[in-house]
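Working notes, beginning with the structure itself.
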Amino acid sequence: KFFIKKIIYKHLMGSVIPLKKTVNSSYLELKNLVDHKLIKVEEVIQKRLVSKVSLIKKMTDHHLSSGGKRIRALLTLGSSKLLGYELGNRDINLSACVELIHAATLLHDDVIDNSDIRRGFKTPNAIWGNQSSILVGDYLLSRCFEIMVQDGDLEVLQLLSSTSAKIAQGEVLQLQHKGEADLLEETYIDIISLKTAALFAAATKTGACISGSNEKEKKALESYGRNLGLAFQIADDALDYYAKEKFFGKEIGKDFYEGKVTLPLITIFQKGNEEEKEFLMEIMKKDKRTEEDFSETLALIFKYKAVETSLKKAEYFVNVSYDALAIFPDSEDKRILQSLTSFSLNRSF
């Protein structure tokens, strides 16, 4: 089993590592572009989460200090800057709001998935239990809605509240199809569109909404965010079958052991023979999958180049995302946002 994994890791990692410096620099460029505002976003989040209930403070401090790229907040700030927003602190407050939605969904996800590790740290539910994690997730969402209401823009309120509903629908849809080895690729795309891409799209469109943009510009930025989110999630799912935990901060094979059918598995089911399809059907129906199941599945992923196929699909969405910004005049802000699209395909953190 170790030998199989070693071969697969060597084969797959070799195809992506050369891009790492370029990809990570694109993220850092965006971060440096709006870093002064990102600091204020963190301050708003900390201020909003103040509570006299000591357990809430312990859990939120732990959850928010365990890392995270703040990519959604950066997208809101970057989109606002692209369109010349200079009217106050709405970009900061709403970036904090977007991050709070994301943080709340992570708390809930870890309970649903029985996760023990996220970003290399113990999850709140592993330390304080599921009940506390669900309630603190709800607390984050309530604070988020306070920010939205105080902002006072009905368009933004509609956008972010409907996005929260989409995320929940995506999680339920994924749960509904758990363990289905014959999951349709179309259904998988529906799931990640709701679960991940919706918040990316909301983050970028929010930047357009507060900048007084026209409908064409709003749609362009929404498309940029949505397709970036799709690429991000597809690549994330592919990483589950080859990433090294010390780099990626997640348990390898986590989706597989949880019975989540993602694009690499869909690919080998599409390409596999009847015996291989039957094998996948059987192991995904099991309550628990073993290391041997995972090793055999890795061998099939290697055989049918399922990770490469997944990354090609992600690359398609990267290109659509990149092209969505074509309507905007050339600028340093635009270049940085466009270069960020490749970040989803190859990241080490």
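The chains in the structure tokens are called A, B, ... from first to last as shown; in each chain the residues are counted from 1, and the ligands are counted from 1 in the order shown.
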Per-residue nearest contacts of region 66-101 of chain A to region 207-211 of chain A (7 Å; only C-alpha atoms) as a Markdown table:
| residue | atom | partner | partner_atom | distance |
| --- | --- | --- | --- | --- |
| A:Thr76 | CA | A:Gly207 | CA | 5.1 |
| A:Leu77 | CA | A:Gly207 | CA | 6.7 |
| A:Ser79 | CA | A:Gly207 | CA | 4.9 |
| A:Ser80 | CA | A:Gly207 | CA | 4.2 |
| A:Leu83 | CA | A:Ser211 | CA | 6.2 |
| A:Gly84 | CA | A:Ser211 | CA | 6.9 |
| A:Tyr85 | CA | A:Ser211 | CA | 5.1 |
| A:Asp91 | CA | A:Gly207 | CA | 6.8 |
Next, dump the selected residues to file, keeping only C-alpha atoms, as a CSV table (one decimal), in the first residue's frame.
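Output (again-v7.csv):
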chain,number,residue,atom,x,y,z
A,76,THR,CA,-14.4,41.5,-1.7
A,77,LEU,CA,-11.6,44.0,-1.0
A,79,SER,CA,-13.2,43.8,-6.3
A,80,SER,CA,-14.0,47.0,-4.5
A,83,LEU,CA,-13.9,49.5,-9.2
A,84,GLY,CA,-12.5,52.4,-7.3
A,85,TYR,CA,-14.5,52.2,-4.1
A,91,ASP,CA,-15.8,47.1,1.9
Near-Lys303 (chain A) list (10 Å; only C-alpha atoms; drop same-chain fewer than 2 positions) as JSON, numbers by chain | {"A": [8, 268, 271, 272, 297, 298, 299, 300, 301, 305, 306]}
Residues from last step as file, C-alpha atoms, as a JSON list (two decimals), in the first residue's frame:
[["chain", "number", "residue", "atom", "x", "y", "z"],
["A", 8, "ILE", "CA", 1.08, 8.08, -7.12],
["A", 268, "ILE", "CA", -12.82, 6.58, -12.52],
["A", 271, "LYS", "CA", -13.86, 5.29, -17.27],
["A", 272, "GLY", "CA", -13.71, 2.05, -15.28],
["A", 297, "THR", "CA", -8.94, 3.38, -5.12],
["A", 298, "LEU", "CA", -5.67, 5.33, -5.45],
["A", 299, "ALA", "CA", -4.46, 2.68, -7.89],
["A", 300, "LEU", "CA", -7.58, 3.27, -10.03],
["A", 301, "ILE", "CA", -7.11, 7.04, -9.80],
["A", 305, "LYS", "CA", -5.41, 9.82, -14.49],
["A", 306, "ALA", "CA", -8.40, 11.00, -12.48]]
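The two atoms in question, CA of Leu199 (chain A) and CA of Thr163 (chain A), are spaced 6.2 Å apart.
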Counting only C-alpha atoms, what is within 10 Å of Ser95 (chain A), bar same-chain residues fewer than 2 positions away, as a list in words?
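Here the answer would be Lys37, Leu38, Lys40, Val41, Glu42, Val44, Ile45, Arg70, Ile71, Arg72, Ala73, Leu74, Leu75, Thr76, Leu77, Asn89, Arg90, Asp91, Ile92, Asn93, Cys97, Val98, Glu99, Leu100, Ala203, Thr204, Thr206 and Gly207 of chain A.
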Mind writing the picked residues with N, CA, C and O atoms as an mmCIF file, in the first residue's frame?
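The result, written out as selection.cif:
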data_model
loop_
_atom_site.group_PDB
_atom_site.id
_atom_site.type_symbol
_atom_site.label_atom_id
_atom_site.label_comp_id
_atom_site.auth_asym_id
_atom_site.auth_seq_id
_atom_site.Cartn_x
_atom_site.Cartn_y
_atom_site.Cartn_z
ATOM 1 N N LYS A 37 -6.300 47.080 4.622
ATOM 2 C CA LYS A 37 -7.735 46.921 4.877
ATOM 3 C C LYS A 37 -8.035 45.558 5.499
ATOM 4 O O LYS A 37 -8.957 45.419 6.304
ATOM 5 N N LEU A 38 -7.253 44.549 5.121
ATOM 6 C CA LEU A 38 -7.455 43.217 5.685
ATOM 7 C C LEU A 38 -7.216 43.237 7.190
ATOM 8 O O LEU A 38 -7.916 42.540 7.952
ATOM 9 N N LYS A 40 -7.928 45.669 9.118
ATOM 10 C CA LYS A 40 -9.153 46.245 9.690
ATOM 11 C C LYS A 40 -10.308 45.237 9.667
ATOM 12 O O LYS A 40 -11.168 45.249 10.543
ATOM 13 N N VAL A 41 -10.318 44.367 8.638
ATOM 14 C CA VAL A 41 -11.328 43.302 8.586
ATOM 15 C C VAL A 41 -11.188 42.404 9.814
ATOM 16 O O VAL A 41 -12.182 42.055 10.472
ATOM 17 N N GLU A 42 -9.942 42.038 10.138
ATOM 18 C CA GLU A 42 -9.697 41.201 11.318
ATOM 19 C C GLU A 42 -10.161 41.907 12.587
ATOM 20 O O GLU A 42 -10.728 41.283 13.489
ATOM 21 N N VAL A 44 -12.584 44.143 12.810
ATOM 22 C CA VAL A 44 -14.059 44.115 12.830
ATOM 23 C C VAL A 44 -14.560 42.761 13.301
ATOM 24 O O VAL A 44 -15.481 42.677 14.140
ATOM 25 N N ILE A 45 -13.956 41.679 12.800
ATOM 26 C CA ILE A 45 -14.364 40.328 13.198
ATOM 27 C C ILE A 45 -14.179 40.135 14.698
ATOM 28 O O ILE A 45 -15.087 39.659 15.397
ATOM 29 N N ARG A 70 -8.266 33.788 4.175
ATOM 30 C CA ARG A 70 -9.137 34.968 4.062
ATOM 31 C C ARG A 70 -9.359 35.322 2.585
ATOM 32 O O ARG A 70 -9.497 36.498 2.230
ATOM 33 N N ILE A 71 -9.391 34.298 1.747
ATOM 34 C CA ILE A 71 -9.490 34.532 0.309
ATOM 35 C C ILE A 71 -10.788 35.242 -0.059
ATOM 36 O O ILE A 71 -10.822 36.094 -0.951
ATOM 37 N N ARG A 72 -11.866 34.938 0.647
ATOM 38 C CA ARG A 72 -13.164 35.562 0.323
ATOM 39 C C ARG A 72 -13.176 37.038 0.690
ATOM 40 O O ARG A 72 -13.700 37.869 -0.057
ATOM 41 N N ALA A 73 -12.603 37.358 1.839
ATOM 42 C CA ALA A 73 -12.470 38.769 2.214
ATOM 43 C C ALA A 73 -11.578 39.504 1.219
ATOM 44 O O ALA A 73 -11.876 40.642 0.807
ATOM 45 N N LEU A 74 -10.493 38.870 0.817
ATOM 46 C CA LEU A 74 -9.578 39.481 -0.152
ATOM 47 C C LEU A 74 -10.277 39.740 -1.480
ATOM 48 O O LEU A 74 -10.022 40.755 -2.143
ATOM 49 N N LEU A 75 -11.164 38.829 -1.871
ATOM 50 C CA LEU A 75 -11.895 39.005 -3.130
ATOM 51 C C LEU A 75 -12.852 40.192 -3.054
ATOM 52 O O LEU A 75 -13.010 40.939 -4.026
ATOM 53 N N THR A 76 -13.496 40.376 -1.909
ATOM 54 C CA THR A 76 -14.388 41.525 -1.734
ATOM 55 C C THR A 76 -13.584 42.823 -1.771
ATOM 56 O O THR A 76 -13.951 43.784 -2.455
ATOM 57 N N LEU A 77 -12.476 42.844 -1.047
ATOM 58 C CA LEU A 77 -11.629 44.041 -1.017
ATOM 59 C C LEU A 77 -11.009 44.318 -2.383
ATOM 60 O O LEU A 77 -10.964 45.476 -2.835
ATOM 61 N N ASN A 89 -16.052 52.591 4.941
ATOM 62 C CA ASN A 89 -15.621 51.285 5.451
ATOM 63 C C ASN A 89 -16.548 50.130 5.068
ATOM 64 O O ASN A 89 -16.465 49.056 5.661
ATOM 65 N N ARG A 90 -17.413 50.350 4.105
ATOM 66 C CA ARG A 90 -18.363 49.284 3.750
ATOM 67 C C ARG A 90 -17.637 48.050 3.219
ATOM 68 O O ARG A 90 -18.049 46.918 3.490
ATOM 69 N N ASP A 91 -16.568 48.264 2.454
ATOM 70 C CA ASP A 91 -15.818 47.119 1.938
ATOM 71 C C ASP A 91 -15.209 46.300 3.069
ATOM 72 O O ASP A 91 -15.200 45.057 3.026
ATOM 73 N N ILE A 92 -14.746 46.965 4.099
ATOM 74 C CA ILE A 92 -14.155 46.286 5.261
ATOM 75 C C ILE A 92 -15.227 45.515 6.034
ATOM 76 O O ILE A 92 -15.064 44.332 6.355
ATOM 77 N N ASN A 93 -16.327 46.186 6.335
ATOM 78 C CA ASN A 93 -17.402 45.554 7.111
ATOM 79 C C ASN A 93 -18.005 44.354 6.384
ATOM 80 O O ASN A 93 -18.247 43.301 6.991
ATOM 81 N N CYS A 97 -18.124 40.310 7.030
ATOM 82 C CA CYS A 97 -19.383 39.573 6.964
ATOM 83 C C CYS A 97 -19.220 38.289 6.146
ATOM 84 O O CYS A 97 -19.659 37.207 6.566
ATOM 85 N N VAL A 98 -18.588 38.401 4.996
ATOM 86 C CA VAL A 98 -18.358 37.243 4.130
ATOM 87 C C VAL A 98 -17.511 36.193 4.851
ATOM 88 O O VAL A 98 -17.788 34.991 4.791
ATOM 89 N N GLU A 99 -16.487 36.655 5.562
ATOM 90 C CA GLU A 99 -15.630 35.720 6.304
ATOM 91 C C GLU A 99 -16.377 35.037 7.456
ATOM 92 O O GLU A 99 -16.130 33.872 7.761
ATOM 93 N N LEU A 100 -17.292 35.761 8.095
ATOM 94 C CA LEU A 100 -18.069 35.168 9.179
ATOM 95 C C LEU A 100 -19.016 34.083 8.659
ATOM 96 O O LEU A 100 -19.216 33.059 9.322
ATOM 97 N N ALA A 203 -18.916 37.293 -2.730
ATOM 98 C CA ALA A 203 -17.803 38.137 -2.279
ATOM 99 C C ALA A 203 -17.414 39.138 -3.356
ATOM 100 O O ALA A 203 -17.251 40.342 -3.086
ATOM 101 N N THR A 204 -17.274 38.671 -4.585
ATOM 102 C CA THR A 204 -16.838 39.561 -5.666
ATOM 103 C C THR A 204 -17.963 40.508 -6.104
ATOM 104 O O THR A 204 -17.715 41.684 -6.386
ATOM 105 N N THR A 206 -20.346 41.633 -4.216
ATOM 106 C CA THR A 206 -20.512 42.634 -3.161
ATOM 107 C C THR A 206 -19.614 43.837 -3.433
ATOM 108 O O THR A 206 -20.019 44.990 -3.257
ATOM 109 N N GLY A 207 -18.377 43.568 -3.874
ATOM 110 C CA GLY A 207 -17.472 44.661 -4.216
ATOM 111 C C GLY A 207 -18.033 45.556 -5.300
ATOM 112 O O GLY A 207 -17.860 46.781 -5.273
#
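Proximity to Gly212 (chain A) was assessed for A:Glu332, A:Asp110, A:Asp138, A:Glu155 counting only C-alpha atoms; the smallest distance is recorded for A:Glu155.
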Just asking: which residues within region 40-91 of chain A are alpha helix (DSSP H) according to DSSP, as an MDAnalysis selection string?
chainID A and resid 40:48 54:64 71:82 90:91
Any chance you can output those residues with N, CA and C atoms as a compact mmCIF listing (two decimals), in the first residue's frame?
# COMPACT_ATOMS: atom_id res chain seq x y z
N LYS A 40 -7.93 45.67 9.12
CA LYS A 40 -9.15 46.24 9.69
C LYS A 40 -10.31 45.24 9.67
N VAL A 41 -10.32 44.37 8.64
CA VAL A 41 -11.33 43.30 8.59
C VAL A 41 -11.19 42.40 9.81
N GLU A 42 -9.94 42.04 10.14
CA GLU A 42 -9.70 41.20 11.32
C GLU A 42 -10.16 41.91 12.59
N GLU A 43 -9.95 43.21 12.65
CA GLU A 43 -10.38 43.98 13.82
C GLU A 43 -11.90 43.99 13.95
N VAL A 44 -12.58 44.14 12.81
CA VAL A 44 -14.06 44.12 12.83
C VAL A 44 -14.56 42.76 13.30
N ILE A 45 -13.96 41.68 12.80
CA ILE A 45 -14.36 40.33 13.20
C ILE A 45 -14.18 40.13 14.70
N GLN A 46 -13.02 40.53 15.21
CA GLN A 46 -12.75 40.38 16.64
C GLN A 46 -13.74 41.19 17.48
N LYS A 47 -14.03 42.40 17.04
CA LYS A 47 -14.96 43.27 17.77
C LYS A 47 -16.37 42.68 17.77
N ARG A 48 -16.78 42.14 16.62
CA ARG A 48 -18.13 41.60 16.49
C ARG A 48 -18.34 40.32 17.31
N SER A 54 -17.84 32.91 28.16
CA SER A 54 -16.42 32.57 28.01
C SER A 54 -16.17 31.47 26.98
N LEU A 55 -17.08 30.51 26.88
CA LEU A 55 -16.89 29.42 25.93
C LEU A 55 -16.93 29.92 24.49
N ILE A 56 -17.79 30.90 24.22
CA ILE A 56 -17.86 31.48 22.87
C ILE A 56 -16.53 32.12 22.52
N LYS A 57 -15.96 32.87 23.44
CA LYS A 57 -14.67 33.51 23.19
C LYS A 57 -13.57 32.48 22.94
N LYS A 58 -13.52 31.44 23.76
CA LYS A 58 -12.51 30.39 23.59
C LYS A 58 -12.62 29.73 22.22
N MET A 59 -13.86 29.40 21.84
CA MET A 59 -14.06 28.68 20.59
C MET A 59 -13.81 29.55 19.37
N THR A 60 -14.27 30.80 19.40
CA THR A 60 -14.07 31.67 18.24
C THR A 60 -12.59 32.06 18.11
N ASP A 61 -11.92 32.28 19.24
CA ASP A 61 -10.48 32.58 19.20
C ASP A 61 -9.72 31.41 18.57
N HIS A 62 -10.04 30.21 18.99
CA HIS A 62 -9.38 29.01 18.46
C HIS A 62 -9.66 28.83 16.97
N HIS A 63 -10.93 28.98 16.62
CA HIS A 63 -11.36 28.75 15.23
C HIS A 63 -10.72 29.75 14.28
N LEU A 64 -10.72 31.02 14.66
CA LEU A 64 -10.25 32.07 13.77
C LEU A 64 -8.73 32.21 13.77
N ILE A 71 -9.39 34.30 1.75
CA ILE A 71 -9.49 34.53 0.31
C ILE A 71 -10.79 35.24 -0.06
N ARG A 72 -11.87 34.94 0.65
CA ARG A 72 -13.16 35.56 0.32
C ARG A 72 -13.18 37.04 0.69
N ALA A 73 -12.60 37.36 1.84
CA ALA A 73 -12.47 38.77 2.21
C ALA A 73 -11.58 39.50 1.22
N LEU A 74 -10.49 38.87 0.82
CA LEU A 74 -9.58 39.48 -0.15
C LEU A 74 -10.28 39.74 -1.48
N LEU A 75 -11.16 38.83 -1.87
CA LEU A 75 -11.89 39.01 -3.13
C LEU A 75 -12.85 40.19 -3.05
N THR A 76 -13.50 40.38 -1.91
CA THR A 76 -14.39 41.53 -1.73
C THR A 76 -13.58 42.82 -1.77
N LEU A 77 -12.48 42.84 -1.05
CA LEU A 77 -11.63 44.04 -1.02
C LEU A 77 -11.01 44.32 -2.38
N GLY A 78 -10.54 43.26 -3.05
CA GLY A 78 -9.92 43.42 -4.36
C GLY A 78 -10.91 43.89 -5.42
N SER A 79 -12.13 43.35 -5.38
CA SER A 79 -13.16 43.76 -6.33
C SER A 79 -13.56 45.21 -6.11
N SER A 80 -13.66 45.59 -4.84
CA SER A 80 -14.00 46.99 -4.51
C SER A 80 -12.91 47.93 -5.03
N LYS A 81 -11.67 47.54 -4.85
CA LYS A 81 -10.56 48.38 -5.30
C LYS A 81 -10.51 48.48 -6.82
N LEU A 82 -10.78 47.36 -7.49
CA LEU A 82 -10.81 47.35 -8.95
C LEU A 82 -11.77 48.40 -9.48
N ARG A 90 -17.41 50.35 4.10
CA ARG A 90 -18.36 49.28 3.75
C ARG A 90 -17.64 48.05 3.22
N ASP A 91 -16.57 48.26 2.45
CA ASP A 91 -15.82 47.12 1.94
C ASP A 91 -15.21 46.30 3.07
Between A:Ala231, A:Ile101, A:Ile39, A:Leu140, smallest distance to Phe317 (chain A) by only C-alpha atoms belongs to A:Ala231
**Item:** Counting only C-alpha atoms, the option among A:Lys69, A:Ile189, A:Glu291, A:Glu275 closest to Leu28 (chain A)
**Value:**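 So, comparing all the options, the nearest one is A:Lys69.
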Determine which residues of region 80-245 of chain A DSSP labels as strand (DSSP E) from the backbone of this structure, then write them out as an MDAnalysis selection string. chainID A and resid 117:118 121:122
Dump as a JSON list (two decimals), in the first residue's frame, selection limited to N, CA, C and O atoms:
[["chain", "number", "residue", "atom", "x", "y", "z"],
["A", 117, "ILE", "N", -9.46, 17.37, 12.46],
["A", 117, "ILE", "CA", -8.37, 18.28, 12.09],
["A", 117, "ILE", "C", -8.81, 19.19, 10.95],
["A", 117, "ILE", "O", -9.47, 18.75, 10.02],
["A", 118, "ARG", "N", -8.45, 20.46, 11.08],
["A", 118, "ARG", "CA", -8.62, 21.42, 9.99],
["A", 118, "ARG", "C", -7.42, 22.34, 10.02],
["A", 118, "ARG", "O", -7.10, 22.90, 11.07],
["A", 121, "PHE", "N", -4.85, 21.87, 12.76],
["A", 121, "PHE", "CA", -5.21, 22.06, 14.16],
["A", 121, "PHE", "C", -6.44, 21.23, 14.51],
["A", 121, "PHE", "O", -7.25, 20.90, 13.63],
["A", 122, "LYS", "N", -6.60, 20.93, 15.78],
["A", 122, "LYS", "CA", -7.80, 20.24, 16.23],
["A", 122, "LYS", "C", -9.02, 21.12, 15.98],
["A", 122, "LYS", "O", -8.98, 22.34, 16.22]]
Requested in this report: Just the residues within 6 Å of region 279-285 of chain A, please, counting only C-alpha atoms, with nothing from its chain fewer than 6 positions along; format it as a list in words.
Outcome: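 My reading of the contact set: Gly179, Ala181 and Gly259 of chain A.
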Those selected residues, please, written with N, CA, C and O atoms and delivered as an mmCIF file, in the first residue's frame.
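Contents of part38.cif, freshly written:
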data_model
loop_
_atom_site.group_PDB
_atom_site.id
_atom_site.type_symbol
_atom_site.label_atom_id
_atom_site.label_comp_id
_atom_site.auth_asym_id
_atom_site.auth_seq_id
_atom_site.Cartn_x
_atom_site.Cartn_y
_atom_site.Cartn_z
ATOM 1 N N GLY A 179 -22.101 8.685 -0.598
ATOM 2 C CA GLY A 179 -21.894 7.270 -0.874
ATOM 3 C C GLY A 179 -22.358 6.798 -2.235
ATOM 4 O O GLY A 179 -22.299 5.604 -2.533
ATOM 5 N N ALA A 181 -21.503 6.176 -5.657
ATOM 6 C CA ALA A 181 -20.350 6.082 -6.558
ATOM 7 C C ALA A 181 -20.724 6.460 -7.992
ATOM 8 O O ALA A 181 -19.879 6.893 -8.771
ATOM 9 N N GLY A 259 -17.142 9.182 2.683
ATOM 10 C CA GLY A 259 -18.133 8.754 1.709
ATOM 11 C C GLY A 259 -18.556 9.836 0.740
ATOM 12 O O GLY A 259 -19.583 9.716 0.069
#
**OP:** Using only C-alpha atoms, find the one residue out of A:Asn125, A:Asp287, A:Leu345, A:Ile167 that sits nearest to Val307 (chain A).
**Re:**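 Going through A:Asn125, A:Asp287, A:Leu345, A:Ile167 one by one, the smallest distance to Val307 (chain A) is for A:Leu345.
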